[in-house]
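Report on the following structure.
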Amino acid sequence: METQPKAKVLIVDDEKGLRLGTKRLLESEGFEVDAAQNGAEGIAFGTSLDYDLAIIDLKMPDINGLEVLKQIHQNHPNTVCFIATAFPSFETATEATKLGAFNYIPKPFTPEELLSNLKQGYDRRILLQEAEKWKKEREESLLEVAFEKTRLNTIINSITDGILVINKYGQAVLFNPSALIFLQLPDIAIEEYIIDKLHPEIAELINKILTNKIFEKKSYSKQIELKSNRELFIEATSSPVPHPDGSLAGVVVVFKNITESKKLEHLKSQFVSMVSHELKAPIAAVYGYLKLLSDPAYNLPNDQKINYINRSQIRLDGLLKMVNDLLDISRMEMKVIQREIKDLNLAEAVTSVIELLQVEIKKKNITLEFQVIDQSNSIKADSDEILRLFTNLISNAIKYNKVGGRIDIKIQNADKYILTTIVDTGIGMKPEEKQKLFHEFFRAKNEHTKNISGTGLGLSIVKRIVDSYAGRIEVESEFEKGTSFKVYLPI
Amino acid sequence: MSDTDIKKTILLVDDDLDLLEQNKFMLESKGYKVVTADNSKKGWDLFKQVKPYAAVIDLIMEEHDAGFILSYKIKKDNHGKNIPVFVLTSATYVTGFKFSASTSEEKEWIKCDGIINKPVVIDELLQKIETYYAAKQK
């Protein structure tokens, strides 16, 4: 055995002479040998160590050699075992083979007989070990493939977009739970013909590719309203899936929920149509007056002419203000990224707004009281925006106030906010008017507001500013009594 | 219309006071009597009170369809079903959706005798009113 590494052999025999003789022989031939003097010791050795070879005597006083063989084989199936016996019989030979013995060595044996047997046994041992190695590797790679597959499935199932894969016969081959929601199906059976069950517009997207027969790298998309009133809007995209040989294998459809962006789109177009309507009204009014003024057929008296010119001016003035407000709104939307945030003292900001509005306050003979309860009232904000916010609120409190009325402004700390309260004794609002207060272009229309000009954008701008600072605004109002606004801006 | 005719009263409802003034002025110059209201509620009260010869109602007032609602109410009234009611709108340009009330089916659910686009061309409006009565006489 000079060419091979030292093979480990276990000898189990109760006959001392034979046991030691064999040990010596094998060691001189380059084996590493352990010797057990009875069955129990044999089992102890053979089960604790994975021997290459084992020679087990059949007849031992304590435990039968077959039992020792059985125990060793159970623990180390690749240990190549020999049964040695002086009383060979067909039955024991069969039994030994059944239990996994490699060969049967009749006693007494010559050294040559033993060594030739062991050589065969050792070759067998190497084969077994190699087979085991291959088997293990194969199992490991199978496990890895299975793991990859589960991982991919987990990923696909976690995607919020819906995924449906269909083979070229129109049968479902893969889908994720999100797909079921968008397809509005309780379940899909793999390999069922699915196209009939799909929304006609989705089916059309798939058929566009399937009827093509040849693989062409081209996707089709469509926005589909699954539930009306913009409740569920999806974008479905179908793409062809190729076979490795380049032919068409099937179609993958991806469903994306675009409800939110559709809603936003709708709000935007509503806003645009509202803006157009609001801009058109004053233009139509002025156009009408100009027509009356210029048409000789009407021949207006002078005072009526002057009245019409004045009205035109008022409407154009309002139009100009509205355009300015709209520009402010669009500037504000752009400014989110480029506003100048600085420490700003709210009391100072409000004071400067009040000064700016002094003329109007005096004109209406309004008593204004400004109270700063907490001196530390700095916030981090863009001063232009904060000035705009309070200008809109306080000028409303003046505009909608009665002559000789009151305005009370108070600044105080409120938890993590600075609270500014603006209370007026104006015309107030009806509950249904209060609800629409912050809507663009909403203006309370009643006998009191008829002669007050406004764009309907002031409070919507206020709300935008407050929201952009993660603050909040509350309003209380009683019709014909007055209104109070509470503005909470975070410290 | 000669001076001796009893003046026919037209009800105008519009929340834009200037347009109300202009249309009133132009209709009066054609010899009609005009009563005006600046919201649906006042329009309805005035309608019940004066029982006008015709009514012209702005579509977008306190609500986006306030005009349709008022005209519907008038057309269900005993007097209202016998007079022409027109709804004023510039909605064609705003929404891109063309309102009309030309087929009988549309007239059925819109419940008015026609949609008039702003700005109002007074001669056309008057022609429509008189056509309504001429057709009725047949």
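Labels used: A, B, ... for chains in the order of the structure tokens, numbers from 1 for residues in each chain, and numbers from 1 for ligands as shown.
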
Output as a VMD selection string the set of chain A residues within 10 Å of chain B, with distances taken over only C-alpha atoms. chain A and resid 269 to 270 272 to 277 280 to 282 284 to 289 291 to 292 297 to 298 308 311 to 312 315 442 to 447 450

Just write the chosen residues, N, CA and C atoms, as an mmCIF file, in the first residue's frame.
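Saved result, part_29.cif, follows:
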data_model
loop_
_atom_site.group_PDB
_atom_site.id
_atom_site.type_symbol
_atom_site.label_atom_id
_atom_site.label_comp_id
_atom_site.auth_asym_id
_atom_site.auth_seq_id
_atom_site.Cartn_x
_atom_site.Cartn_y
_atom_site.Cartn_z
ATOM 1 N N SER A 269 -56.283 69.521 -14.158
ATOM 2 C CA SER A 269 -57.064 70.003 -15.294
ATOM 3 C C SER A 269 -58.310 70.738 -14.798
ATOM 4 N N GLN A 270 -58.815 70.291 -13.618
ATOM 5 C CA GLN A 270 -59.943 71.016 -13.026
ATOM 6 C C GLN A 270 -59.517 72.436 -12.665
ATOM 7 N N VAL A 272 -57.090 74.152 -13.987
ATOM 8 C CA VAL A 272 -56.902 74.934 -15.212
ATOM 9 C C VAL A 272 -58.253 75.421 -15.733
ATOM 10 N N SER A 273 -59.257 74.540 -15.703
ATOM 11 C CA SER A 273 -60.550 74.972 -16.251
ATOM 12 C C SER A 273 -61.190 76.017 -15.340
ATOM 13 N N MET A 274 -60.922 75.882 -14.030
ATOM 14 C CA MET A 274 -61.443 76.886 -13.104
ATOM 15 C C MET A 274 -60.759 78.233 -13.325
ATOM 16 N N VAL A 275 -59.443 78.186 -13.490
ATOM 17 C CA VAL A 275 -58.689 79.414 -13.732
ATOM 18 C C VAL A 275 -59.201 80.095 -15.000
ATOM 19 N N SER A 276 -59.387 79.296 -16.053
ATOM 20 C CA SER A 276 -59.860 79.887 -17.313
ATOM 21 C C SER A 276 -61.207 80.563 -17.112
ATOM 22 N N HIS A 277 -62.078 79.874 -16.372
ATOM 23 C CA HIS A 277 -63.400 80.445 -16.150
ATOM 24 C C HIS A 277 -63.317 81.750 -15.382
ATOM 25 N N LYS A 280 -61.891 84.491 -17.474
ATOM 26 C CA LYS A 280 -62.762 84.875 -18.582
ATOM 27 C C LYS A 280 -63.871 85.816 -18.120
ATOM 28 N N ALA A 281 -64.351 85.612 -16.884
ATOM 29 C CA ALA A 281 -65.491 86.403 -16.409
ATOM 30 C C ALA A 281 -65.221 87.914 -16.452
ATOM 31 N N PRO A 282 -64.117 88.402 -15.861
ATOM 32 C CA PRO A 282 -63.889 89.855 -15.932
ATOM 33 C C PRO A 282 -63.642 90.344 -17.356
ATOM 34 N N ALA A 284 -64.996 89.138 -20.057
ATOM 35 C CA ALA A 284 -66.314 89.212 -20.698
ATOM 36 C C ALA A 284 -67.052 90.465 -20.237
ATOM 37 N N ALA A 285 -66.945 90.789 -18.935
ATOM 38 C CA ALA A 285 -67.640 91.956 -18.402
ATOM 39 C C ALA A 285 -67.115 93.240 -19.042
ATOM 40 N N VAL A 286 -65.786 93.355 -19.104
ATOM 41 C CA VAL A 286 -65.192 94.571 -19.675
ATOM 42 C C VAL A 286 -65.506 94.656 -21.166
ATOM 43 N N TYR A 287 -65.413 93.518 -21.837
ATOM 44 C CA TYR A 287 -65.724 93.462 -23.263
ATOM 45 C C TYR A 287 -67.154 93.952 -23.498
ATOM 46 N N GLY A 288 -68.059 93.501 -22.655
ATOM 47 C CA GLY A 288 -69.467 93.910 -22.788
ATOM 48 C C GLY A 288 -69.646 95.420 -22.628
ATOM 49 N N TYR A 289 -68.983 95.974 -21.620
ATOM 50 C CA TYR A 289 -69.094 97.426 -21.406
ATOM 51 C C TYR A 289 -68.516 98.188 -22.591
ATOM 52 N N LYS A 291 -68.350 97.298 -25.607
ATOM 53 C CA LYS A 291 -69.276 97.187 -26.734
ATOM 54 C C LYS A 291 -70.417 98.194 -26.596
ATOM 55 N N LEU A 292 -70.957 98.297 -25.393
ATOM 56 C CA LEU A 292 -72.047 99.241 -25.153
ATOM 57 C C LEU A 292 -71.563 100.677 -25.339
ATOM 58 N N ALA A 297 -75.485 102.849 -31.614
ATOM 59 C CA ALA A 297 -76.915 102.554 -31.521
ATOM 60 C C ALA A 297 -77.469 102.835 -30.132
ATOM 61 N N TYR A 298 -76.608 102.699 -29.105
ATOM 62 C CA TYR A 298 -77.114 102.844 -27.738
ATOM 63 C C TYR A 298 -77.107 104.277 -27.238
ATOM 64 N N TYR A 308 -69.985 102.870 -16.433
ATOM 65 C CA TYR A 308 -69.484 101.676 -17.133
ATOM 66 C C TYR A 308 -67.954 101.649 -17.183
ATOM 67 N N ARG A 311 -66.803 100.649 -13.705
ATOM 68 C CA ARG A 311 -66.995 99.202 -13.486
ATOM 69 C C ARG A 311 -65.913 98.412 -14.224
ATOM 70 N N SER A 312 -65.604 98.824 -15.442
ATOM 71 C CA SER A 312 -64.576 98.132 -16.225
ATOM 72 C C SER A 312 -63.246 98.168 -15.506
ATOM 73 N N ARG A 315 -63.210 95.742 -12.624
ATOM 74 C CA ARG A 315 -63.058 94.347 -13.055
ATOM 75 C C ARG A 315 -61.625 94.065 -13.524
ATOM 76 N N PHE A 442 -62.961 80.011 -4.361
ATOM 77 C CA PHE A 442 -64.211 80.086 -3.614
ATOM 78 C C PHE A 442 -64.314 81.457 -2.958
ATOM 79 N N ARG A 443 -65.460 82.099 -3.156
ATOM 80 C CA ARG A 443 -65.734 83.324 -2.422
ATOM 81 C C ARG A 443 -67.159 83.224 -1.905
ATOM 82 N N ALA A 444 -67.319 83.548 -0.642
ATOM 83 C CA ALA A 444 -68.672 83.546 -0.085
ATOM 84 C C ALA A 444 -69.467 84.605 -0.837
ATOM 85 N N LYS A 445 -70.607 84.168 -1.400
ATOM 86 C CA LYS A 445 -71.406 85.130 -2.155
ATOM 87 C C LYS A 445 -72.686 85.419 -1.394
ATOM 88 N N ASN A 446 -72.751 86.583 -0.807
ATOM 89 C CA ASN A 446 -73.993 86.980 -0.171
ATOM 90 C C ASN A 446 -74.091 88.497 -0.179
ATOM 91 N N GLU A 447 -75.161 88.995 0.396
ATOM 92 C CA GLU A 447 -75.439 90.436 0.318
ATOM 93 C C GLU A 447 -74.283 91.275 0.877
ATOM 94 N N LYS A 450 -71.004 91.439 -1.777
ATOM 95 C CA LYS A 450 -71.233 91.885 -3.139
ATOM 96 C C LYS A 450 -70.238 92.962 -3.571
#

Residue neighbourhood Val241 (chain A), 8 Å, only C-alpha atoms, exclusion window fewer than 6 positions, as a PyMOL selection string: chain A and resi 215+248-252

Restricting it to N, CA and C atoms, dump the selection as a JSON list (two decimals), in the first residue's frame.
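part.json, written as the output of this step:
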[["chain", "number", "residue", "atom", "x", "y", "z"],
["A", 215, "PHE", "N", -40.92, 36.59, -32.56],
["A", 215, "PHE", "CA", -40.50, 37.45, -31.47],
["A", 215, "PHE", "C", -40.00, 38.78, -32.01],
["A", 248, "LEU", "N", -40.68, 33.20, -30.00],
["A", 248, "LEU", "CA", -41.57, 33.77, -28.99],
["A", 248, "LEU", "C", -42.01, 32.69, -27.99],
["A", 249, "ALA", "N", -41.75, 32.94, -26.70],
["A", 249, "ALA", "CA", -42.15, 31.96, -25.68],
["A", 249, "ALA", "C", -43.47, 32.35, -25.05],
["A", 250, "GLY", "N", -43.71, 33.65, -24.91],
["A", 250, "GLY", "CA", -44.93, 34.10, -24.27],
["A", 250, "GLY", "C", -44.91, 35.60, -24.07],
["A", 251, "VAL", "N", -45.76, 36.05, -23.14],
["A", 251, "VAL", "CA", -45.91, 37.48, -22.92],
["A", 251, "VAL", "C", -45.85, 37.74, -21.42],
["A", 252, "VAL", "N", -45.15, 38.79, -21.02],
["A", 252, "VAL", "CA", -45.21, 39.21, -19.62],
["A", 252, "VAL", "C", -45.97, 40.54, -19.56]]

List as a VMD selection string the protein and nucleic acid residues near region 318-329 of chain A, meaning an atom at most 10 Å away when only C-alpha atoms are counted, but skip any in the same chain fewer than 4 places from it. chain A and resid 275 278 to 283 312 to 314 333 to 335 385 388 441 453 to 458 460 to 461 464 to 465

Keeping only C-alpha atoms, write the selected residues to a file as a PDB file, in the first residue's frame.
ATOM      1  CA  VAL A 275     -58.689  79.414 -13.732  1.00  0.00           C
ATOM      2  CA  GLU A 278     -62.357  82.936 -13.510  1.00  0.00           C
ATOM      3  CA  LEU A 279     -60.104  84.824 -15.914  1.00  0.00           C
ATOM      4  CA  LYS A 280     -62.762  84.875 -18.582  1.00  0.00           C
ATOM      5  CA  ALA A 281     -65.491  86.403 -16.409  1.00  0.00           C
ATOM      6  CA  PRO A 282     -63.889  89.855 -15.932  1.00  0.00           C
ATOM      7  CA  ILE A 283     -62.752  89.913 -19.552  1.00  0.00           C
ATOM      8  CA  SER A 312     -64.576  98.132 -16.225  1.00  0.00           C
ATOM      9  CA  GLN A 313     -61.669  99.492 -14.225  1.00  0.00           C
ATOM     10  CA  ILE A 314     -62.778  97.604 -11.122  1.00  0.00           C
ATOM     11  CA  GLU A 333     -44.833  75.646  -6.034  1.00  0.00           C
ATOM     12  CA  MET A 334     -41.410  76.231  -7.529  1.00  0.00           C
ATOM     13  CA  LYS A 335     -40.048  77.814  -4.384  1.00  0.00           C
ATOM     14  CA  GLU A 385     -43.989  83.515   2.595  1.00  0.00           C
ATOM     15  CA  ARG A 388     -47.741  86.901   2.512  1.00  0.00           C
ATOM     16  CA  PHE A 441     -61.648  80.622  -6.319  1.00  0.00           C
ATOM     17  CA  SER A 453     -63.363  92.652  -4.422  1.00  0.00           C
ATOM     18  CA  GLY A 454     -61.291  89.517  -4.148  1.00  0.00           C
ATOM     19  CA  THR A 455     -59.779  86.808  -6.236  1.00  0.00           C
ATOM     20  CA  GLY A 456     -60.832  83.744  -4.277  1.00  0.00           C
ATOM     21  CA  LEU A 457     -57.188  82.731  -4.062  1.00  0.00           C
ATOM     22  CA  GLY A 458     -56.038  84.496  -0.889  1.00  0.00           C
ATOM     23  CA  SER A 460     -55.902  79.025  -0.726  1.00  0.00           C
ATOM     24  CA  ILE A 461     -52.458  80.651  -0.762  1.00  0.00           C
ATOM     25  CA  ARG A 464     -50.569  76.266   0.877  1.00  0.00           C
ATOM     26  CA  ILE A 465     -48.031  78.205   2.925  1.00  0.00           C
TER      27      ILE A 465
END

Atomic separation - CA of Leu18 (chain A) relative to CA of Thr110 (chain A), Å: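 Between CA of Thr110 (chain A) and CA of Leu18 (chain A) the gap is 11.6 Å.
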
Please extract the residues of region 5-86 of chain B with a backbone DSSP assignment of alpha helix (DSSP H) and present them as JSON, numbers by chain. {"B": [17, 18, 19, 20, 21, 22, 23, 24, 25, 26, 27, 28, 29, 40, 41, 42, 43, 44, 45, 46, 47, 48, 49, 50, 66, 67, 68, 69, 70, 71, 72, 73, 74, 75, 76]}

Keeping N, CA and C atoms for every residue in the selection just given, could you write it to a file as a short mmCIF file (atom, residue, chain, number, x, y, z; two decimals), in the first residue's frame?
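Written file, part_15.cif:
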data_model
loop_
_atom_site.label_atom_id
_atom_site.label_comp_id
_atom_site.auth_asym_id
_atom_site.auth_seq_id
_atom_site.Cartn_x
_atom_site.Cartn_y
_atom_site.Cartn_z
N LEU B 17 -72.61 90.60 -11.71
CA LEU B 17 -73.48 91.78 -11.71
C LEU B 17 -73.30 92.62 -12.97
N ASP B 18 -72.08 92.62 -13.50
CA ASP B 18 -71.84 93.45 -14.69
C ASP B 18 -72.52 92.86 -15.92
N LEU B 19 -72.44 91.55 -16.07
CA LEU B 19 -73.10 90.93 -17.21
C LEU B 19 -74.62 91.10 -17.10
N LEU B 20 -75.10 91.02 -15.87
CA LEU B 20 -76.53 91.21 -15.61
C LEU B 20 -76.96 92.61 -16.09
N GLU B 21 -76.14 93.59 -15.70
CA GLU B 21 -76.40 94.99 -16.05
C GLU B 21 -76.40 95.18 -17.57
N GLN B 22 -75.40 94.60 -18.21
CA GLN B 22 -75.26 94.78 -19.67
C GLN B 22 -76.42 94.14 -20.42
N ASN B 23 -76.74 92.89 -20.07
CA ASN B 23 -77.81 92.20 -20.78
C ASN B 23 -79.16 92.87 -20.53
N LYS B 24 -79.31 93.33 -19.30
CA LYS B 24 -80.54 94.05 -18.95
C LYS B 24 -80.68 95.30 -19.83
N PHE B 25 -79.57 96.05 -19.90
CA PHE B 25 -79.58 97.29 -20.67
C PHE B 25 -79.93 97.02 -22.13
N MET B 26 -79.31 95.99 -22.70
CA MET B 26 -79.52 95.71 -24.12
C MET B 26 -80.94 95.23 -24.39
N LEU B 27 -81.46 94.38 -23.51
CA LEU B 27 -82.83 93.88 -23.71
C LEU B 27 -83.84 95.02 -23.56
N GLU B 28 -83.58 95.90 -22.59
CA GLU B 28 -84.48 97.03 -22.39
C GLU B 28 -84.48 97.95 -23.61
N SER B 29 -83.30 98.08 -24.21
CA SER B 29 -83.22 98.94 -25.38
C SER B 29 -84.02 98.37 -26.55
N SER B 40 -79.59 81.70 -7.67
CA SER B 40 -80.68 80.80 -8.03
C SER B 40 -81.92 81.04 -7.18
N LYS B 41 -81.69 81.23 -5.89
CA LYS B 41 -82.82 81.34 -4.98
C LYS B 41 -83.65 82.58 -5.30
N LYS B 42 -82.94 83.71 -5.48
CA LYS B 42 -83.65 84.94 -5.83
C LYS B 42 -84.31 84.80 -7.19
N GLY B 43 -83.62 84.09 -8.07
CA GLY B 43 -84.17 83.87 -9.41
C GLY B 43 -85.50 83.14 -9.35
N TRP B 44 -85.55 82.12 -8.51
CA TRP B 44 -86.78 81.32 -8.37
C TRP B 44 -87.91 82.16 -7.76
N ASP B 45 -87.58 82.91 -6.71
CA ASP B 45 -88.58 83.76 -6.06
C ASP B 45 -89.16 84.76 -7.06
N LEU B 46 -88.25 85.36 -7.84
CA LEU B 46 -88.67 86.37 -8.81
C LEU B 46 -89.54 85.74 -9.90
N PHE B 47 -89.15 84.54 -10.30
CA PHE B 47 -89.92 83.82 -11.32
C PHE B 47 -91.36 83.61 -10.84
N LYS B 48 -91.50 83.16 -9.58
CA LYS B 48 -92.84 82.90 -9.04
C LYS B 48 -93.64 84.20 -8.96
N GLN B 49 -92.92 85.28 -8.69
CA GLN B 49 -93.57 86.56 -8.45
C GLN B 49 -94.01 87.22 -9.76
N VAL B 50 -93.13 87.26 -10.76
CA VAL B 50 -93.46 88.04 -11.96
C VAL B 50 -93.99 87.20 -13.11
N ALA B 66 -75.69 75.07 -11.26
CA ALA B 66 -76.82 75.77 -10.64
C ALA B 66 -77.86 76.18 -11.69
N GLY B 67 -77.40 76.59 -12.88
CA GLY B 67 -78.30 77.03 -13.93
C GLY B 67 -79.23 75.92 -14.40
N PHE B 68 -78.66 74.72 -14.56
CA PHE B 68 -79.48 73.59 -15.00
C PHE B 68 -80.54 73.26 -13.95
N ILE B 69 -80.15 73.35 -12.69
CA ILE B 69 -81.08 72.99 -11.63
C ILE B 69 -82.24 73.98 -11.58
N LEU B 70 -81.92 75.26 -11.71
CA LEU B 70 -83.00 76.26 -11.69
C LEU B 70 -83.90 76.10 -12.92
N SER B 71 -83.30 75.87 -14.09
CA SER B 71 -84.13 75.76 -15.29
C SER B 71 -85.02 74.53 -15.20
N TYR B 72 -84.49 73.46 -14.60
CA TYR B 72 -85.27 72.24 -14.39
C TYR B 72 -86.50 72.53 -13.54
N LYS B 73 -86.25 73.30 -12.48
CA LYS B 73 -87.32 73.65 -11.56
C LYS B 73 -88.40 74.50 -12.27
N ILE B 74 -87.91 75.46 -13.07
CA ILE B 74 -88.85 76.34 -13.76
C ILE B 74 -89.68 75.56 -14.78
N LYS B 75 -88.99 74.66 -15.52
CA LYS B 75 -89.71 73.92 -16.56
C LYS B 75 -90.75 72.96 -15.98
N LYS B 76 -90.63 72.64 -14.69
CA LYS B 76 -91.62 71.75 -14.06
C LYS B 76 -92.80 72.55 -13.51
#

Assign secondary structure with DSSP using the backbone only, and return the residues of region 245-400 of chain A in strand (DSSP E) as a VMD selection string. chain A and resid 248 to 257 342 to 345 367 to 372 378 to 381

Mind dumping the selected residues with C-alpha atoms as a compact mmCIF listing (two decimals), in the first residue's frame?
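Written output follows (part_33.txt):
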# COMPACT_ATOMS: atom_id res chain seq x y z
CA LEU A 248 -41.57 33.77 -28.99
CA ALA A 249 -42.15 31.96 -25.68
CA GLY A 250 -44.93 34.10 -24.27
CA VAL A 251 -45.91 37.48 -22.92
CA VAL A 252 -45.21 39.21 -19.62
CA VAL A 253 -47.74 41.82 -18.53
CA VAL A 254 -46.90 44.34 -15.82
CA PHE A 255 -49.72 46.23 -14.10
CA LYS A 256 -49.01 49.53 -12.40
CA ASN A 257 -51.47 51.35 -10.18
CA LYS A 342 -34.02 81.83 8.28
CA ASP A 343 -34.82 82.46 11.92
CA LEU A 344 -37.85 84.67 11.84
CA ASN A 345 -39.53 86.51 14.69
CA THR A 367 -59.59 99.13 16.34
CA LEU A 368 -56.71 96.66 16.15
CA GLU A 369 -55.14 95.12 19.23
CA PHE A 370 -51.94 93.09 18.98
CA GLN A 371 -50.81 91.04 21.96
CA VAL A 372 -47.54 89.12 22.19
CA SER A 378 -39.03 82.56 16.45
CA ILE A 379 -39.62 80.01 13.75
CA LYS A 380 -37.50 78.89 10.84
CA ALA A 381 -39.19 80.09 7.69

Can you tell me, as a ChimeraX atom specification, what residues are no more than 10 Å from region 128-137 of chain B when counting only C-alpha atoms, ignoring any on the same chain fewer than 4 positions away? /B:10,53-55,82-86,113-114,116,122-124

Would you export the selected residues with C-alpha atoms as a tab-separated table (two decimals), in the first residue's frame, please?
chain	number	residue	atom	x	y	z
B	10	ILE	CA	-87.62	88.65	-19.29
B	53	TYR	CA	-92.31	85.82	-20.68
B	54	ALA	CA	-88.87	84.13	-20.87
B	55	ALA	CA	-85.97	83.27	-18.58
B	82	ASN	CA	-95.08	77.33	-21.25
B	83	ILE	CA	-92.23	79.81	-21.52
B	84	PRO	CA	-88.79	79.54	-23.16
B	85	VAL	CA	-85.94	79.00	-20.70
B	86	PHE	CA	-82.34	79.33	-21.85
B	113	ASP	CA	-85.16	75.17	-24.38
B	114	GLY	CA	-81.63	75.84	-25.45
B	116	ILE	CA	-76.76	80.09	-25.29
B	122	ILE	CA	-79.12	89.90	-28.05
B	123	ASP	CA	-80.73	89.65	-31.51
B	124	GLU	CA	-80.13	85.91	-31.57

Who sits within 12 Å of Glu235 (chain A), only C-alpha atoms, same chain under 3 positions skipped, as an NGL selection string: :A and (161-163 or 182-183 or 201-202 or 205 or 220-226 or 232 or 238 or 253-262)

Find the spatial neighbours of Pro61 (chain A), counting only C-alpha atoms, within a cut-off of 12 Å - ignore same-chain residues fewer than 4 positions away - and output them as a PDB file with N, CA and C atoms, in the first residue's frame.
ATOM      1  N   ASP A  13     -11.560  -8.953  17.151  1.00  0.00           N
ATOM      2  CA  ASP A  13     -11.388 -10.423  17.314  1.00  0.00           C
ATOM      3  C   ASP A  13     -11.076 -10.731  18.766  1.00  0.00           C
ATOM      4  N   ASP A  14     -11.719 -11.769  19.313  1.00  0.00           N
ATOM      5  CA  ASP A  14     -11.477 -12.114  20.714  1.00  0.00           C
ATOM      6  C   ASP A  14     -10.237 -12.987  20.876  1.00  0.00           C
ATOM      7  N   GLU A  15      -9.753 -13.524  19.738  1.00  0.00           N
ATOM      8  CA  GLU A  15      -8.556 -14.355  19.818  1.00  0.00           C
ATOM      9  C   GLU A  15      -7.325 -13.466  19.814  1.00  0.00           C
ATOM     10  N   GLN A  37     -10.907  -6.160  21.385  1.00  0.00           N
ATOM     11  CA  GLN A  37     -10.794  -7.541  21.824  1.00  0.00           C
ATOM     12  C   GLN A  37     -12.133  -8.229  22.000  1.00  0.00           C
ATOM     13  N   ASN A  38     -13.209  -7.493  21.866  1.00  0.00           N
ATOM     14  CA  ASN A  38     -14.511  -8.170  21.886  1.00  0.00           C
ATOM     15  C   ASN A  38     -15.539  -7.342  21.087  1.00  0.00           C
ATOM     16  N   GLY A  39     -16.753  -7.830  21.040  1.00  0.00           N
ATOM     17  CA  GLY A  39     -17.798  -7.177  20.228  1.00  0.00           C
ATOM     18  C   GLY A  39     -18.111  -5.778  20.709  1.00  0.00           C
ATOM     19  N   ALA A  40     -18.235  -5.623  22.035  1.00  0.00           N
ATOM     20  CA  ALA A  40     -18.612  -4.317  22.593  1.00  0.00           C
ATOM     21  C   ALA A  40     -17.585  -3.269  22.239  1.00  0.00           C
ATOM     22  N   ASP A  57     -14.552 -10.544  13.460  1.00  0.00           N
ATOM     23  CA  ASP A  57     -14.708 -11.990  13.707  1.00  0.00           C
ATOM     24  C   ASP A  57     -16.180 -12.286  13.946  1.00  0.00           C
ATOM     25  N   GLY A  65     -20.570 -11.143  15.754  1.00  0.00           N
ATOM     26  CA  GLY A  65     -19.916 -10.295  14.756  1.00  0.00           C
ATOM     27  C   GLY A  65     -20.905  -9.607  13.823  1.00  0.00           C
TER      28      GLY A  65
END

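For the set A:Ala54, A:Leu290, A:Pro240, A:Asn413, the residue with the smallest atom-to-atom gap to Ile306 (chain A) is A:Leu290, counting only C-alpha atoms.
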
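We find CA of Lys23 (chain A) and CA of Leu114 (chain A) to be spaced 11.7 Å apart.
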
Can you work out the spacing between CA of Gln127 (chain B) and CA of Asp14 (chain B) in Å, to one decimal?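 We find that CA of Gln127 (chain B) and CA of Asp14 (chain B) lie 20.7 Å from each other.
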